[in-house]
file run.tsv (TSV, C-alpha atoms)
chain	number	residue	atom	x	y	z
V	18	MET	CA	178.30	-7.63	67.58
V	19	GLN	CA	175.55	-9.13	69.70
V	20	GLN	CA	176.77	-12.60	68.77
V	21	VAL	CA	180.28	-11.69	69.96
V	22	ALA	CA	178.75	-10.45	73.22
V	23	LEU	CA	176.71	-13.64	73.62
V	24	ASP	CA	179.80	-15.76	72.96
V	25	PHE	CA	181.64	-13.74	75.59
V	26	THR	CA	178.88	-14.30	78.17
V	27	ALA	CA	179.07	-18.02	77.42
V	28	TYR	CA	182.81	-17.86	78.12
V	29	LEU	CA	182.13	-16.09	81.43
V	30	LYS	CA	179.76	-18.84	82.51
V	31	SER	CA	182.31	-21.49	81.57
V	32	ILE	CA	184.84	-20.00	84.01
V	33	GLN	CA	182.25	-19.57	86.79
V	34	ILE	CA	181.73	-15.82	86.46
V	35	THR	CA	178.17	-14.96	87.42
V	36	LEU	CA	176.19	-12.18	85.79
V	37	ASN	CA	173.74	-10.28	87.96
V	38	GLY	CA	172.25	-7.49	85.91
V	39	ASN	CA	175.33	-5.96	84.35
V	40	GLN	CA	177.67	-6.97	87.21
V	41	MET	CA	180.22	-9.73	86.67
V	42	LYS	CA	181.21	-11.49	89.89
V	43	PHE	CA	183.59	-14.24	90.87
V	44	ARG	CA	182.97	-15.86	94.26
V	45	GLY	CA	180.74	-12.93	95.18
V	46	LYS	CA	183.36	-10.27	94.41
V	47	ARG	CA	183.24	-7.83	91.52
V	48	VAL	CA	185.18	-8.50	88.36
V	49	GLY	CA	183.60	-5.89	86.13
V	50	ARG	CA	180.49	-4.89	84.23
V	51	LEU	CA	179.06	-6.08	80.94
V	52	GLY	CA	176.28	-4.31	79.11
V	53	ILE	CA	174.43	-5.15	75.93
V	54	THR	CA	172.18	-2.72	74.05
V	55	GLU	CA	170.54	-2.99	70.66
V	56	ASN	CA	173.57	-1.62	68.79
V	57	ASP	CA	176.51	-1.86	71.19
V	58	TRP	CA	177.99	-3.83	74.00
V	59	TYR	CA	180.66	-2.85	76.48
V	60	LEU	CA	183.00	-4.30	79.07
V	61	HIS	CA	184.39	-2.49	82.08
V	62	LEU	CA	186.94	-4.75	83.75
V	63	PHE	CA	188.28	-3.85	87.18
V	64	ALA	CA	192.05	-3.91	87.23
V	65	GLN	CA	194.51	-2.56	89.73
V	66	HIS	CA	197.53	-1.17	87.94
V	67	ASP	CA	200.23	-3.26	89.59
V	68	GLU	CA	203.19	-5.41	88.59
V	69	TYR	CA	200.91	-8.31	87.58
V	70	LEU	CA	199.00	-6.15	85.11
V	71	ASN	CA	202.24	-4.61	83.84
V	72	GLU	CA	203.67	-8.09	83.24
V	73	LEU	CA	200.54	-9.14	81.34
V	74	ILE	CA	200.61	-6.00	79.20
V	75	SER	CA	204.31	-6.37	78.43
V	76	ARG	CA	203.55	-9.59	76.53
V	77	GLU	CA	200.81	-7.99	74.41
V	78	SER	CA	200.93	-6.32	71.00
V	79	GLU	CA	201.71	-2.63	70.58
V	80	GLU	CA	198.05	-2.02	69.74
V	81	ILE	CA	196.93	-3.45	73.09
V	82	LYS	CA	199.67	-1.58	74.97
V	83	SER	CA	198.60	1.76	73.51
V	84	PHE	CA	194.94	0.95	74.18
V	85	VAL	CA	195.67	0.25	77.87
V	86	GLU	CA	197.78	3.40	78.22
V	87	GLY	CA	194.71	5.41	77.23
V	88	GLN	CA	192.65	3.62	79.89
V	89	THR	CA	194.75	4.38	82.96
V	90	GLY	CA	192.74	7.40	84.07
V	91	TYR	CA	192.14	7.45	87.82
V	92	GLY	CA	188.87	8.51	89.38
V	93	GLY	CA	189.60	7.41	92.94
V	94	CYS	CA	187.12	7.43	95.78
V	95	GLY	CA	189.33	9.23	98.29
V	96	ARG	CA	190.22	6.16	100.36
V	97	CYS	CA	192.23	4.21	97.86
V	98	ILE	CA	195.79	3.71	96.81
V	99	THR	CA	196.28	5.54	93.51
V	100	GLY	CA	195.85	3.17	90.58
V	101	LYS	CA	194.34	0.39	92.66
V	102	CYS	CA	190.86	1.72	93.33
V	103	ALA	CA	187.63	-0.05	92.44
V	104	CYS	CA	187.06	2.86	90.09
V	105	THR	CA	190.18	1.88	88.18
V	106	GLY	CA	189.56	-0.35	85.24
V	107	ILE	CA	189.77	-0.92	81.54
V	108	GLU	CA	186.73	-0.14	79.44
V	109	MET	CA	186.01	-1.58	76.02
V	110	ILE	CA	183.13	-0.62	73.74
V	111	ASN	CA	182.32	-3.12	70.99
V	112	PRO	CA	185.60	-4.98	71.45
V	113	ASP	CA	186.91	-6.90	68.46
V	114	GLU	CA	188.30	-10.42	68.66
V	115	SER	CA	191.79	-9.37	69.80
V	116	LEU	CA	190.36	-7.16	72.56
V	117	CYS	CA	188.03	-9.97	73.64
V	118	GLU	CA	191.03	-12.27	74.01
V	119	PHE	CA	192.80	-9.58	76.05
V	120	ALA	CA	189.64	-9.12	78.15
V	121	LYS	CA	189.66	-12.84	78.93
V	122	LYS	CA	193.23	-12.53	80.18
V	123	LEU	CA	192.25	-9.54	82.31
V	124	ILE	CA	189.37	-11.48	83.83
V	125	ILE	CA	191.65	-14.40	84.68
V	126	LEU	CA	194.13	-11.93	86.21
V	127	ARG	CA	191.36	-10.36	88.31
V	128	CYS	CA	190.10	-13.77	89.48
V	129	ASP	CA	193.65	-14.72	90.44
V	130	ALA	CA	193.99	-11.43	92.36
V	131	LEU	CA	190.75	-12.18	94.22
V	132	ILE	CA	191.85	-15.72	95.08
V	133	ASN	CA	195.25	-14.54	96.32
V	134	GLU	CA	193.86	-11.47	98.14
V	135	ARG	CA	195.76	-8.94	96.03
V	136	VAL	CA	192.70	-6.72	95.60
V	137	PRO	CA	192.66	-3.84	98.08
V	138	LYS	CA	189.84	-4.18	100.56
V	139	CYS	CA	188.68	-0.65	99.72
V	140	ASN	CA	187.09	-2.16	96.63
V	141	TYR	CA	184.37	-3.47	98.90
V	142	VAL	CA	183.70	-0.32	100.93
V	143	LYS	CA	180.12	0.86	100.44
V	144	ILE	CA	179.96	3.63	97.86
V	145	SER	CA	178.21	5.89	100.39
V	146	ASP	CA	181.21	5.48	102.73
V	147	ARG	CA	183.80	6.31	100.11
V	148	GLY	CA	185.47	9.66	100.41
V	149	THR	CA	185.44	9.50	104.20
V	150	MET	CA	188.52	8.60	106.18
V	151	LYS	CA	187.54	5.88	108.59
V	152	LYS	CA	189.91	4.33	111.04
V	153	CYS	CA	191.89	1.35	109.92
V	154	ALA	CA	190.40	-2.07	110.66
V	155	LYS	CA	193.71	-3.38	111.95
V	156	CYS	CA	195.52	-0.67	113.89
V	157	LYS	CA	192.46	1.55	114.57
V	158	ILE	CA	194.33	4.69	113.49
V	159	CYS	CA	195.18	5.95	110.04
V	160	ASN	CA	198.81	4.91	110.12
V	161	PRO	CA	200.33	5.35	106.62
V	162	ALA	CA	202.53	2.28	107.08
V	163	CYS	CA	199.48	0.17	107.86
V	164	ARG	CA	197.54	1.68	104.96
V	165	ALA	CA	200.42	0.71	102.67
V	166	LEU	CA	199.73	-2.90	103.66
V	167	LYS	CA	196.10	-2.44	102.51
V	168	ASN	CA	194.58	-3.38	105.87
V	169	TYR	CA	191.78	-0.83	105.64

call {"tool": "encode", "arguments": {"input": "run.tsv", "output": "structure tokens"}}
result
Amino acid sequence: MQQVALDFTAYLKSIQITLNGNQMKFRGKRVGRLGITENDWYLHLFAQHDEYLNELISRESEEIKSFVEGQTGYGGCGRCITGKCACTGIEMINPDESLCEFAKKLIILRCDALINERVPKCNYVKISDRGTMKKCAKCKICNPACRALKNY
């Protein structure tokens, strides 16, 4: 299993994902976490549950679809759009080869979302500030229409 994890970290480096501790980052923004212990390794990949993820999942096997359905639990921070929070992700413990291939697709999807600014800005609110309702950066009031545009 450690060899699979090492191969996966080599893949991450090949697509310019940096590892800082257990954090995976692309262009300074979080993609997920990767951890390796003596007996296990895990991946937690950040993913907002949107039409892009749904399209990706629709082309996967039934096994992958059922796995993702079990991973859609939401533990939001209080500021986020349901299903699109930084806390939302897909976690894999000791992923096999098929899950590693799916993880690679998820990472590419996340990098594409970062490049095209499809990741809600709340993903980069300090953890200590989460759970508080601060005024919107654009309209300076908590206007639901503005919040729907993810300008906070």

call {"tool": "closest_residue", "arguments": {"input": "run.tsv", "among": "V:His66, V:Phe119, V:Pro112, V:Lys46", "to": "Ser78 (chain V)", "atoms": "only C-alpha atoms"}}
result
V:Phe119

call {"tool": "closest_atom_pairs", "arguments": {"input": "run.tsv", "of": "region 22-88 of chain V", "to": "region 123-128 of chain V", "cutoff": "9 Å", "atoms": "only C-alpha atoms", "output": "tab-separated table"}}
result
residue	atom	partner	partner_atom	distance
V:Leu29	CA	V:Ile124	CA	8.9
V:Ile32	CA	V:Ile125	CA	8.8
V:Phe43	CA	V:Cys128	CA	6.7
V:Arg44	CA	V:Cys128	CA	8.8
V:Val48	CA	V:Arg127	CA	6.5
V:Gly49	CA	V:Ile124	CA	8.4
V:Leu62	CA	V:Ile124	CA	7.2
V:Phe63	CA	V:Arg127	CA	7.3
V:Ala64	CA	V:Arg127	CA	6.6
V:Gln65	CA	V:Arg127	CA	8.5
V:Tyr69	CA	V:Leu126	CA	7.8
V:Leu70	CA	V:Leu126	CA	7.6
V:Leu73	CA	V:Leu123	CA	8.4

call {"tool": "closest_residue", "arguments": {"input": "run.tsv", "among": "V:Leu60, V:Ile132, V:Ile110, V:Leu51", "to": "Thr35 (chain V)", "atoms": "all atoms listed in the file"}}
result
V:Leu51

call {"tool": "atom_distance", "arguments": {"input": "run.tsv", "atom1": "CA of Met41 (chain V)", "atom2": "CA of Lys82 (chain V)"}}
result
24.1 Å

call {"tool": "closest_residue", "arguments": {"input": "run.tsv", "among": "V:Ile34, V:Tyr28, V:Gln40, V:Arg47", "to": "Leu131 (chain V)", "atoms": "all atoms listed in the file"}}
result
V:Arg47

call {"tool": "atom_distance", "arguments": {"input": "run.tsv", "atom1": "CA of Leu36 (chain V)", "atom2": "CA of Ala22 (chain V)"}}
result
12.9 Å

call {"tool": "closest_residue", "arguments": {"input": "run.tsv", "among": "V:Glu134, V:Glu118, V:Asp24, V:Asp129", "to": "Ile81 (chain V)", "atoms": "all atoms listed in the file"}}
result
V:Glu118

call {"tool": "atom_distance", "arguments": {"input": "run.tsv", "atom1": "CA of Glu72 (chain V)", "atom2": "CA of Ser31 (chain V)"}}
result
25.3 Å

call {"tool": "closest_residue", "arguments": {"input": "run.tsv", "among": "V:Arg50, V:Glu77, V:Asn37, V:Arg135", "to": "Leu116 (chain V)", "atoms": "only C-alpha atoms"}}
result
V:Glu77

call {"tool": "residues_near_point", "arguments": {"input": "run.tsv", "point": "(183.8, -0.9, 70.8)", "cutoff": "12 Å", "atoms": "all atoms listed in the file", "output": "tab-separated table (two decimals) with C-alpha atoms, in the frame of the given file"}}
result
chain	number	residue	atom	x	y	z
V	18	MET	CA	178.30	-7.63	67.58
V	19	GLN	CA	175.55	-9.13	69.70
V	21	VAL	CA	180.28	-11.69	69.96
V	22	ALA	CA	178.75	-10.45	73.22
V	52	GLY	CA	176.28	-4.31	79.11
V	53	ILE	CA	174.43	-5.15	75.93
V	56	ASN	CA	173.57	-1.62	68.79
V	57	ASP	CA	176.51	-1.86	71.19
V	58	TRP	CA	177.99	-3.83	74.00
V	59	TYR	CA	180.66	-2.85	76.48
V	60	LEU	CA	183.00	-4.30	79.07
V	61	HIS	CA	184.39	-2.49	82.08
V	84	PHE	CA	194.94	0.95	74.18
V	108	GLU	CA	186.73	-0.14	79.44
V	109	MET	CA	186.01	-1.58	76.02
V	110	ILE	CA	183.13	-0.62	73.74
V	111	ASN	CA	182.32	-3.12	70.99
V	112	PRO	CA	185.60	-4.98	71.45
V	113	ASP	CA	186.91	-6.90	68.46
V	114	GLU	CA	188.30	-10.42	68.66
V	115	SER	CA	191.79	-9.37	69.80
V	116	LEU	CA	190.36	-7.16	72.56
V	117	CYS	CA	188.03	-9.97	73.64
